[in-house]
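Dumped query-v2.cif below, it's mmCIF, C-alpha atoms:
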data_start
#
loop_
_atom_site.label_atom_id
_atom_site.label_comp_id
_atom_site.auth_asym_id
_atom_site.auth_seq_id
_atom_site.Cartn_x
_atom_site.Cartn_y
_atom_site.Cartn_z
CA THR A 1 110.77 161.94 107.82
CA ASP A 2 112.29 159.69 105.16
CA GLY A 3 115.12 162.19 104.77
CA VAL A 4 116.74 160.35 107.69
CA GLU A 5 116.73 156.90 106.08
CA GLU A 6 117.61 158.24 102.62
CA CYS A 7 120.51 160.35 103.77
CA HIS A 8 123.56 159.74 101.50
CA ASN A 9 127.29 159.80 102.08
CA GLN A 10 130.11 160.51 99.58
CA ASN A 11 129.98 156.92 98.26
CA GLU A 12 126.26 157.22 97.52
CA ALA A 13 125.43 154.70 100.28
CA ILE A 14 122.20 155.41 102.18
CA PHE A 15 121.80 155.66 105.96
CA GLY A 16 118.89 153.16 106.03
CA SER A 17 116.47 152.04 108.73
CA THR A 18 118.82 149.40 110.20
CA ARG A 19 121.26 152.12 111.26
CA ILE A 20 118.40 153.95 113.01
CA LYS A 21 117.45 150.82 114.94
CA ASN A 22 121.04 149.99 115.83
CA GLN A 23 121.71 153.51 117.08
CA LEU A 24 118.68 153.35 119.38
CA LYS A 25 119.51 149.85 120.65
CA GLN A 26 122.87 151.06 121.91
CA LEU A 27 121.28 153.55 124.32
CA ILE A 28 120.56 152.53 127.89
CA GLU A 29 117.26 153.87 129.26
CA PRO A 30 117.33 156.91 126.97
CA THR A 31 115.00 159.89 127.16
CA ALA A 32 113.22 161.05 124.00
CA GLU A 33 115.84 163.80 123.70
CA ASP A 34 118.67 161.25 123.86
CA CYS A 35 117.11 159.31 120.96
CA THR A 36 116.85 162.39 118.76
CA ALA A 37 120.41 163.46 119.62
CA ALA A 38 121.81 160.00 118.88
CA ILE A 39 120.19 159.84 115.44
CA LYS A 40 121.30 163.39 114.59
CA ASN A 41 124.83 162.57 115.62
CA ALA A 42 124.88 159.33 113.60
CA ILE A 43 123.61 161.12 110.48
CA ASN A 44 126.33 163.76 110.77
CA GLU A 45 129.03 161.12 111.14
CA PHE A 46 127.67 159.10 108.23
CA SER A 47 127.05 161.85 105.67
CA GLN A 48 130.18 163.91 106.53
CA GLN A 49 130.17 166.93 104.20
CA VAL A 50 127.38 165.77 101.86
CA ASP A 51 124.34 168.06 101.91
CA PRO A 52 121.01 166.37 102.58
CA HIS A 53 118.87 165.53 99.51
CA ASP A 54 115.66 165.83 101.48
CA ASP A 55 114.40 167.41 104.67
CA ILE A 56 115.35 165.68 107.93
CA THR A 57 112.87 165.78 110.79
CA ILE A 58 113.15 163.60 113.90
CA LEU A 59 110.39 163.22 116.48
CA SER A 60 110.95 160.98 119.52
CA ILE A 61 108.11 159.97 121.80
CA GLN A 62 108.67 158.61 125.27
CA PHE A 63 106.20 155.97 126.50
CA SER A 64 106.15 155.70 130.28
CA PRO A 65 102.77 154.42 131.52
CA THR A 66 103.77 153.86 135.15
CA GLN A 67 105.09 157.36 135.61
CA LYS A 68 101.89 159.11 134.70
CA LYS A 69 100.59 161.05 137.66
CA LEU A 70 96.90 160.41 138.20
CA SER A 71 95.03 163.49 139.30
CA ASN A 72 92.85 163.82 142.38
CA PRO A 73 89.90 164.09 141.81
CA LEU A 74 90.20 161.50 139.07
CA VAL A 75 87.59 160.75 136.42
CA ILE A 76 87.66 157.34 134.73
CA SER A 77 85.50 156.51 131.73
CA LEU A 78 84.66 152.90 130.92
CA LYS A 79 82.81 151.18 128.08
CA ASN A 80 80.10 148.63 128.87
CA ASP A 81 82.50 145.75 128.21
CA ILE A 82 83.42 143.46 131.11
CA LYS A 83 87.09 143.47 130.03
CA GLU A 84 87.17 147.14 131.03
CA LEU A 85 87.45 145.87 134.62
CA LEU A 86 91.12 145.10 133.89
CA LYS A 87 91.69 148.74 132.98
CA LEU A 88 89.86 149.79 136.13
CA GLN A 89 92.00 147.48 138.30
CA TYR A 90 95.16 148.93 136.79
CA ILE A 91 94.06 152.54 137.32
CA ILE A 92 93.02 151.90 140.94
CA GLN A 93 96.34 150.23 141.64
CA GLN A 94 98.28 153.17 140.17
CA PHE A 95 96.11 155.72 141.95
CA SER A 96 96.59 153.89 145.27
CA VAL A 97 100.37 153.81 144.96
CA GLN A 98 100.63 157.45 143.92
CA HIS A 99 98.33 158.73 146.65
CA ASP A 100 99.57 156.44 149.45
CA LEU A 101 96.22 154.81 149.89
CA GLU A 102 95.93 152.26 152.69
CA ASP A 103 95.91 148.64 151.48
CA LYS A 104 92.55 147.93 153.07
CA ILE A 105 90.98 150.97 151.39
CA GLU A 106 92.41 149.97 148.00
CA LYS A 107 90.93 146.48 148.35
CA THR A 108 87.58 147.91 149.38
CA ILE A 109 87.44 150.29 146.39
CA ASN A 110 88.40 147.50 144.05
CA LEU A 111 85.69 145.22 145.37
CA VAL A 112 82.98 147.88 145.55
CA LEU A 113 83.67 149.12 142.02
CA GLU A 114 83.86 145.66 140.51
CA GLU A 115 80.55 144.63 142.07
CA LEU A 116 78.74 147.77 140.96
CA ILE A 117 80.28 148.13 137.50
CA SER A 118 79.88 144.45 136.54
CA ASN A 119 76.26 144.65 137.65
CA ILE A 120 75.66 147.68 135.40
CA ILE A 121 77.45 146.06 132.44
CA TYR A 122 75.67 142.69 132.77
CA HIS A 123 72.17 143.85 133.72
CA GLY A 124 71.82 147.58 133.10
CA TYR A 125 71.42 147.82 129.34
CA THR A 126 68.54 146.56 127.26
CA ASN A 127 70.30 147.00 123.91
CA HIS A 128 73.71 145.90 122.62
CA GLU A 129 74.96 149.35 121.81
CA SER A 130 78.13 150.84 123.20
CA HIS A 131 77.70 152.95 126.35
CA THR A 132 80.07 154.90 128.55
CA LEU A 133 80.10 154.93 132.35
CA PHE A 134 81.90 157.50 134.45
CA ILE A 135 83.62 157.01 137.78
CA LYS A 136 84.85 159.97 139.78
CA ILE A 137 87.23 159.38 142.68
CA ASN A 138 87.83 162.12 145.20
CA LEU A 139 90.33 161.60 147.98
CA ASP A 140 90.94 163.79 151.01
CA GLU A 141 92.80 163.16 154.25
CA THR A 142 89.97 161.38 155.98
CA HIS A 143 87.62 160.03 153.31
CA ILE A 144 87.42 158.64 149.82
CA ARG A 145 84.33 159.51 147.80
CA ILE A 146 83.39 157.66 144.64
CA GLU A 147 80.63 158.66 142.24
CA ILE A 148 79.37 156.37 139.52
CA GLN A 149 77.28 157.81 136.73
CA ASP A 150 75.68 155.68 134.02
CA ASN A 151 72.83 155.89 131.51
CA ALA A 152 71.63 152.32 132.13
CA SER A 153 68.07 151.44 133.20
CA ALA A 154 66.99 152.96 136.51
CA PHE A 155 68.34 150.74 139.28
CA ASN A 156 68.80 151.66 142.91
CA PRO A 157 71.10 148.96 144.31
CA ILE A 158 70.26 149.99 147.88
CA THR A 159 66.57 149.15 147.56
CA ASP A 160 66.18 147.15 144.33
CA ALA A 161 68.77 144.38 144.83
CA PRO A 162 67.49 141.11 146.35
CA LYS A 163 67.97 140.97 150.12
CA ILE A 164 69.92 138.07 151.53
CA ASP A 165 69.45 136.48 154.91
CA THR A 166 72.87 135.77 156.38
CA ASN A 167 71.34 133.57 159.07
CA ILE A 168 70.32 130.96 156.56
CA ILE A 169 73.21 128.60 156.07
CA ASP A 170 72.26 126.87 152.92
CA SER A 171 74.25 125.36 150.11
CA ASP A 172 71.48 126.24 147.70
CA ARG A 173 71.98 129.90 148.30
CA GLU A 174 72.90 131.04 144.81
CA VAL A 175 70.76 134.16 144.94
CA GLY A 176 71.75 137.59 143.73
CA GLY A 177 72.27 140.39 146.18
CA LEU A 178 75.55 139.06 147.59
CA GLY A 179 77.54 141.86 146.00
CA ILE A 180 75.40 144.71 147.28
CA HIS A 181 75.25 143.08 150.72
CA ILE A 182 79.07 143.11 150.85
CA ILE A 183 79.20 146.75 149.72
CA LYS A 184 76.67 147.91 152.32
CA ASN A 185 78.80 146.29 155.01
CA MET A 186 82.07 147.77 153.82
CA VAL A 187 81.33 151.41 153.11
CA ASP A 188 80.20 154.24 155.37
CA GLU A 189 77.73 155.96 153.05
CA LEU A 190 75.83 154.85 149.99
CA THR A 191 73.40 157.20 148.25
CA TYR A 192 71.44 156.86 145.03
CA LEU A 193 69.85 159.45 142.80
CA ARG A 194 68.06 159.14 139.44
CA LYS A 195 68.50 162.38 137.55
CA ASP A 196 68.38 163.32 133.84
CA ASN A 197 67.78 159.66 132.90
CA LYS A 198 71.00 158.66 134.63
CA ASN A 199 71.87 156.64 137.72
CA HIS A 200 74.10 158.50 140.17
CA LEU A 201 75.54 156.41 142.97
CA THR A 202 77.82 157.92 145.61
CA ILE A 203 79.97 155.84 147.92
CA VAL A 204 81.90 157.25 150.86
CA LYS A 205 84.50 155.29 152.81
CA GLU A 206 86.41 156.54 155.82
CA ARG A 207 90.21 156.13 155.67
CA LYS A 208 91.05 154.54 158.99
CA MET B 1 96.41 140.38 137.58
CA SER B 2 94.65 137.08 137.01
CA LEU B 3 94.20 133.72 138.71
CA GLU B 4 96.67 130.87 138.87
CA ILE B 5 95.51 127.45 140.03
CA ASN B 6 98.18 124.92 141.02
CA ILE B 7 97.02 121.41 141.74
CA ASP B 8 99.16 119.06 143.81
CA PRO B 9 97.84 115.56 143.02
CA THR B 10 99.40 113.81 146.04
CA ASN B 11 97.36 115.28 148.87
CA GLN B 12 94.82 117.17 146.82
CA THR B 13 95.88 120.61 147.93
CA ILE B 14 95.07 123.33 145.46
CA THR B 15 97.01 126.57 145.60
CA LEU B 16 95.22 129.70 144.45
CA VAL B 17 97.25 132.74 143.45
CA GLY B 18 95.73 136.08 142.46
CA ARG B 19 92.08 137.06 142.05
CA ILE B 20 88.75 135.29 141.82
CA ASP B 21 86.56 137.90 140.13
CA SER B 22 84.05 138.29 137.30
CA LEU B 23 86.74 137.45 134.77
CA THR B 24 88.42 134.49 136.51
CA SER B 25 85.64 132.76 138.46
CA PRO B 26 84.52 130.53 135.54
CA LEU B 27 88.09 129.19 135.39
CA PHE B 28 88.13 128.70 139.17
CA GLU B 29 84.91 126.67 139.19
CA ASN B 30 85.53 124.68 136.01
CA ASP B 31 89.04 123.63 137.02
CA ILE B 32 88.22 122.63 140.57
CA MET B 33 84.75 121.08 140.32
CA PRO B 34 85.99 117.87 138.59
CA LEU B 35 88.41 117.27 141.48
CA ILE B 36 85.53 116.66 143.90
CA THR B 37 84.71 112.96 143.57
CA GLU B 38 83.05 110.26 145.69
CA LYS B 39 86.48 108.79 146.30
CA SER B 40 87.94 112.11 147.45
CA PRO B 41 85.17 114.52 148.42
CA ASN B 42 87.39 116.86 150.48
CA LEU B 43 89.10 119.96 149.13
CA LYS B 44 92.02 121.79 150.64
CA LEU B 45 92.53 125.22 149.15
CA ASN B 46 95.71 127.08 149.96
CA CYS B 47 94.63 130.73 149.90
CA GLU B 48 97.81 132.37 151.26
CA ALA B 49 98.47 134.11 147.93
CA LEU B 50 94.86 134.83 147.11
CA ASN B 51 94.22 138.54 147.38
CA TYR B 52 90.76 139.15 145.99
CA ILE B 53 87.34 137.50 145.87
CA SER B 54 84.26 139.19 144.38
CA SER B 55 80.65 138.09 144.85
CA THR B 56 80.92 136.09 141.62
CA GLY B 57 83.88 134.32 143.18
CA LEU B 58 81.87 133.67 146.34
CA ARG B 59 79.15 132.01 144.27
CA GLY B 60 81.86 129.70 142.91
CA PHE B 61 82.82 128.78 146.48
CA ILE B 62 79.14 128.14 147.30
CA ARG B 63 78.70 125.79 144.33
CA LEU B 64 81.89 123.87 145.18
CA GLU B 65 80.72 123.56 148.79
CA LYS B 66 77.35 122.27 147.61
CA ARG B 67 79.07 119.49 145.67
CA THR B 68 81.39 118.46 148.52
CA ASN B 69 78.45 118.55 150.93
CA GLU B 70 76.45 116.15 148.75
CA LEU B 71 79.36 113.69 148.99
CA ASN B 72 79.81 114.25 152.76
CA GLY B 73 83.07 116.08 152.21
CA LYS B 74 84.24 119.48 153.32
CA ILE B 75 86.29 122.41 152.03
CA THR B 76 89.22 123.72 154.06
CA LEU B 77 90.59 127.17 153.32
CA ILE B 78 94.20 127.57 154.40
CA GLY B 79 95.74 130.94 155.20
CA LEU B 80 92.96 133.17 153.91
CA ASN B 81 93.82 136.82 154.69
CA SER B 82 91.68 138.81 157.14
CA PHE B 83 90.15 141.06 154.47
CA LEU B 84 88.80 138.05 152.58
CA LYS B 85 87.82 136.15 155.73
CA ASN B 86 85.71 139.18 156.63
CA ILE B 87 83.82 138.86 153.33
CA PHE B 88 82.85 135.27 154.22
CA GLU B 89 81.73 136.50 157.63
CA ILE B 90 79.57 139.43 156.52
CA THR B 91 77.81 137.26 153.94
CA GLY B 92 77.14 134.54 156.52
CA LEU B 93 79.09 131.95 154.54
CA SER B 94 81.86 131.23 157.05
CA PRO B 95 80.02 128.33 158.83
CA MET B 96 80.00 126.44 155.51
CA PHE B 97 83.80 126.25 155.37
CA THR B 98 86.68 125.24 157.62
CA PHE B 99 89.33 127.93 158.06
CA VAL B 100 92.86 127.08 159.19
#
Take the structure in the file and write it out as structure tokens.
Amino acid sequence: TDGVEECHNQNEAIFGSTRIKNQLKQLIEPTAEDCTAAIKNAINEFSQQVDPHDDITILSIQFSPTQKKLSNPLVISLKNDIKELLKLQYIIQQFSVQHDLEDKIEKTINLVLEELISNIIYHGYTNHESHTLFIKINLDETHIRIEIQDNASAFNPITDAPKIDTNIIDSDREVGGLGIHIIKNMVDELTYLRKDNKNHLTIVKERK
Amino acid sequence: MSLEINIDPTNQTITLVGRIDSLTSPLFENDIMPLITEKSPNLKLNCEALNYISSTGLRGFIRLEKRTNELNGKITLIGLNSFLKNIFEITGLSPMFTFV
């Protein structure tokens, strides 16, 4: 509260915001508790015996994004904005580090999710409204299971995506269906269900 | 992570660092396409530090190959890791490129 900044000493000088900043700058890798303690200490030294004019309340918040433990199973929600893929990449990377996921499995999840999610975002919605997609990741010792749930138009990527013929070597081959072809070749199970006006896609990959 | 494209003008080797995905593939194609000319139709792409290619990225490779092919050139991919090489193989695209 502003009781900190406006704290007076015997000469009627005020503590001020610069002193707060300078106190905090002096600390090396402080915890939230350290910050509060340092400010409290500085106020006591500054004001000496003068009683506070106002209430003094100090709240310190520690921001540590990389230390956050991601749960397993993990649910990720994404908006239908292609930039959300950056958030997804970051979460997958953190999840992989924290749960000792094999490099090859991490790369596969990344690729599979990007292909499927970008497809939903680019082609799944007929209006320009904001939508939310959900991804659930469930890891056990032998398998990783990923479920994608979205309220986009009904689309079964297993049967509805264009088929590609890998025997045709052709520079003109700019067809769709490349993404789903890659996914089918990389995962062990792929199942689709349309239920309650939602697409439910489940992907299972063996960890080996 | 994003994509970094470093162009060495002397021997036309292009070093790719990072990811070619939905977000970076327009940059990949737009930066490299103008380098394919009648005078120098060959492309050498150093892929040692490339760690991701999505299907959108693959389409970029296909369009670059189409251009070099028209000019009787070829694209050489240097040091592509096995995970990414596998993606070229399962999509049947590996015969279109030279891998070293």
Residues of chain B within 9 Å of chain A, counting all atoms listed in the file - could you list those as a PyMOL selection string? chain B and resi 1+21-23+51-56+58-59+62-63+65-67+69+83+87+89-93+95-96
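Residues matched by the PyMOL selection byres ((chain B and resi 40) around 10) in this file are Gln12, Leu35, Ile36, Thr37, Glu38, Lys39, Pro41, Asn42, Leu43, Thr68, Leu71, Asn72 and Gly73 of chain B.
Separating CA of His123 in chain A from CA of Ile203 in chain A is a distance of 20.2 Å.
Atom pair CA of His131 in chain A / CA of Ile109 in chain A has a distance of 22.4 Å (rounded to one decimal).
Of note, CA of Phe97 in chain B and CA of Pro34 in chain B are spaced 18.9 Å apart.
Once the PyMOL selection byres ((chain A and resi 16) around 8) is applied to the shown structure, the selection contains Val4, Glu5, Glu6, Cys7, Ile14, Phe15, Ser17, Thr18, Arg19 and Ile20 of chain A.
Residues with any atom within 10 Å of Leu74 in chain A, counting all atoms listed in the file and excluding same-chain neighbours fewer than 6 positions away, are Ile91, Phe95, Ile135, Lys136, Ile137, Asn138, Leu139 and Ile146 of chain A.
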The PyMOL selection byres ((chain A and resi 202) around 10) resolved against shown file, as a VMD selection string: chain A and resid 135 to 137 145 to 149 189 to 193 199 to 201 203 to 204
In the coordinates of the file, take the point (120.4, 165.4, 102.0) and a cut-off of 12 Å; then, counting all atoms listed in the file, name each qualifying protein, DNA or RNA residue as an mmCIF file with C-alpha atoms, in the frame of the given file.
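The result, stored in selection-v8.cif:
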data_model
loop_
_atom_site.group_PDB
_atom_site.id
_atom_site.type_symbol
_atom_site.label_atom_id
_atom_site.label_comp_id
_atom_site.auth_asym_id
_atom_site.auth_seq_id
_atom_site.Cartn_x
_atom_site.Cartn_y
_atom_site.Cartn_z
ATOM 1 C CA THR A 1 110.770 161.940 107.820
ATOM 2 C CA ASP A 2 112.290 159.690 105.160
ATOM 3 C CA GLY A 3 115.120 162.190 104.770
ATOM 4 C CA VAL A 4 116.740 160.350 107.690
ATOM 5 C CA GLU A 5 116.730 156.900 106.080
ATOM 6 C CA GLU A 6 117.610 158.240 102.620
ATOM 7 C CA CYS A 7 120.510 160.350 103.770
ATOM 8 C CA HIS A 8 123.560 159.740 101.500
ATOM 9 C CA ASN A 9 127.290 159.800 102.080
ATOM 10 C CA GLN A 10 130.110 160.510 99.580
ATOM 11 C CA GLU A 12 126.260 157.220 97.520
ATOM 12 C CA ALA A 13 125.430 154.700 100.280
ATOM 13 C CA ILE A 14 122.200 155.410 102.180
ATOM 14 C CA PHE A 15 121.800 155.660 105.960
ATOM 15 C CA ILE A 43 123.610 161.120 110.480
ATOM 16 C CA ASN A 44 126.330 163.760 110.770
ATOM 17 C CA PHE A 46 127.670 159.100 108.230
ATOM 18 C CA SER A 47 127.050 161.850 105.670
ATOM 19 C CA GLN A 48 130.180 163.910 106.530
ATOM 20 C CA GLN A 49 130.170 166.930 104.200
ATOM 21 C CA VAL A 50 127.380 165.770 101.860
ATOM 22 C CA ASP A 51 124.340 168.060 101.910
ATOM 23 C CA PRO A 52 121.010 166.370 102.580
ATOM 24 C CA HIS A 53 118.870 165.530 99.510
ATOM 25 C CA ASP A 54 115.660 165.830 101.480
ATOM 26 C CA ASP A 55 114.400 167.410 104.670
ATOM 27 C CA ILE A 56 115.350 165.680 107.930
ATOM 28 C CA THR A 57 112.870 165.780 110.790
#
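Among the candidate residues A:Cys35, A:Leu133, A:Ile121, A:Leu116, the one lying nearest to Ala161 in chain A is A:Leu116, with distances computed using only C-alpha atoms.
When all atoms listed in the file are used to measure the gap to Leu88 in chain A, the shortest distance among A:Ala32, A:Leu113, A:Ala38, A:Leu27 belongs to A:Leu113.
Using all atoms listed in the file for every distance, the candidate list A:Pro73, A:Pro162, A:Pro157, A:Pro30 yields A:Pro157 as the residue closest to Asn119 in chain A.
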Scan for residues within 10 Å of the point (94.0, 126.9, 135.7) in the coordinates of the file, using only C-alpha atoms, and reply as a PDB file with C-alpha atoms, in the coordinates of the input.
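Listing of point11.pdb after writing:
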ATOM      1  CA  LEU B   3      94.200 133.720 138.710  1.00  0.00           C
ATOM      2  CA  GLU B   4      96.670 130.870 138.870  1.00  0.00           C
ATOM      3  CA  ILE B   5      95.510 127.450 140.030  1.00  0.00           C
ATOM      4  CA  ASN B   6      98.180 124.920 141.020  1.00  0.00           C
ATOM      5  CA  ILE B   7      97.020 121.410 141.740  1.00  0.00           C
ATOM      6  CA  LEU B  16      95.220 129.700 144.450  1.00  0.00           C
ATOM      7  CA  THR B  24      88.420 134.490 136.510  1.00  0.00           C
ATOM      8  CA  LEU B  27      88.090 129.190 135.390  1.00  0.00           C
ATOM      9  CA  PHE B  28      88.130 128.700 139.170  1.00  0.00           C
ATOM     10  CA  GLU B  29      84.910 126.670 139.190  1.00  0.00           C
ATOM     11  CA  ASN B  30      85.530 124.680 136.010  1.00  0.00           C
ATOM     12  CA  ASP B  31      89.040 123.630 137.020  1.00  0.00           C
ATOM     13  CA  ILE B  32      88.220 122.630 140.570  1.00  0.00           C
TER      14      ILE B  32
END
Residues within 8 Å of Ile120 in chain A, all atoms listed in the file, excluding chain neighbours under 5 positions, as a PyMOL selection string: chain A and resi 80+125+152
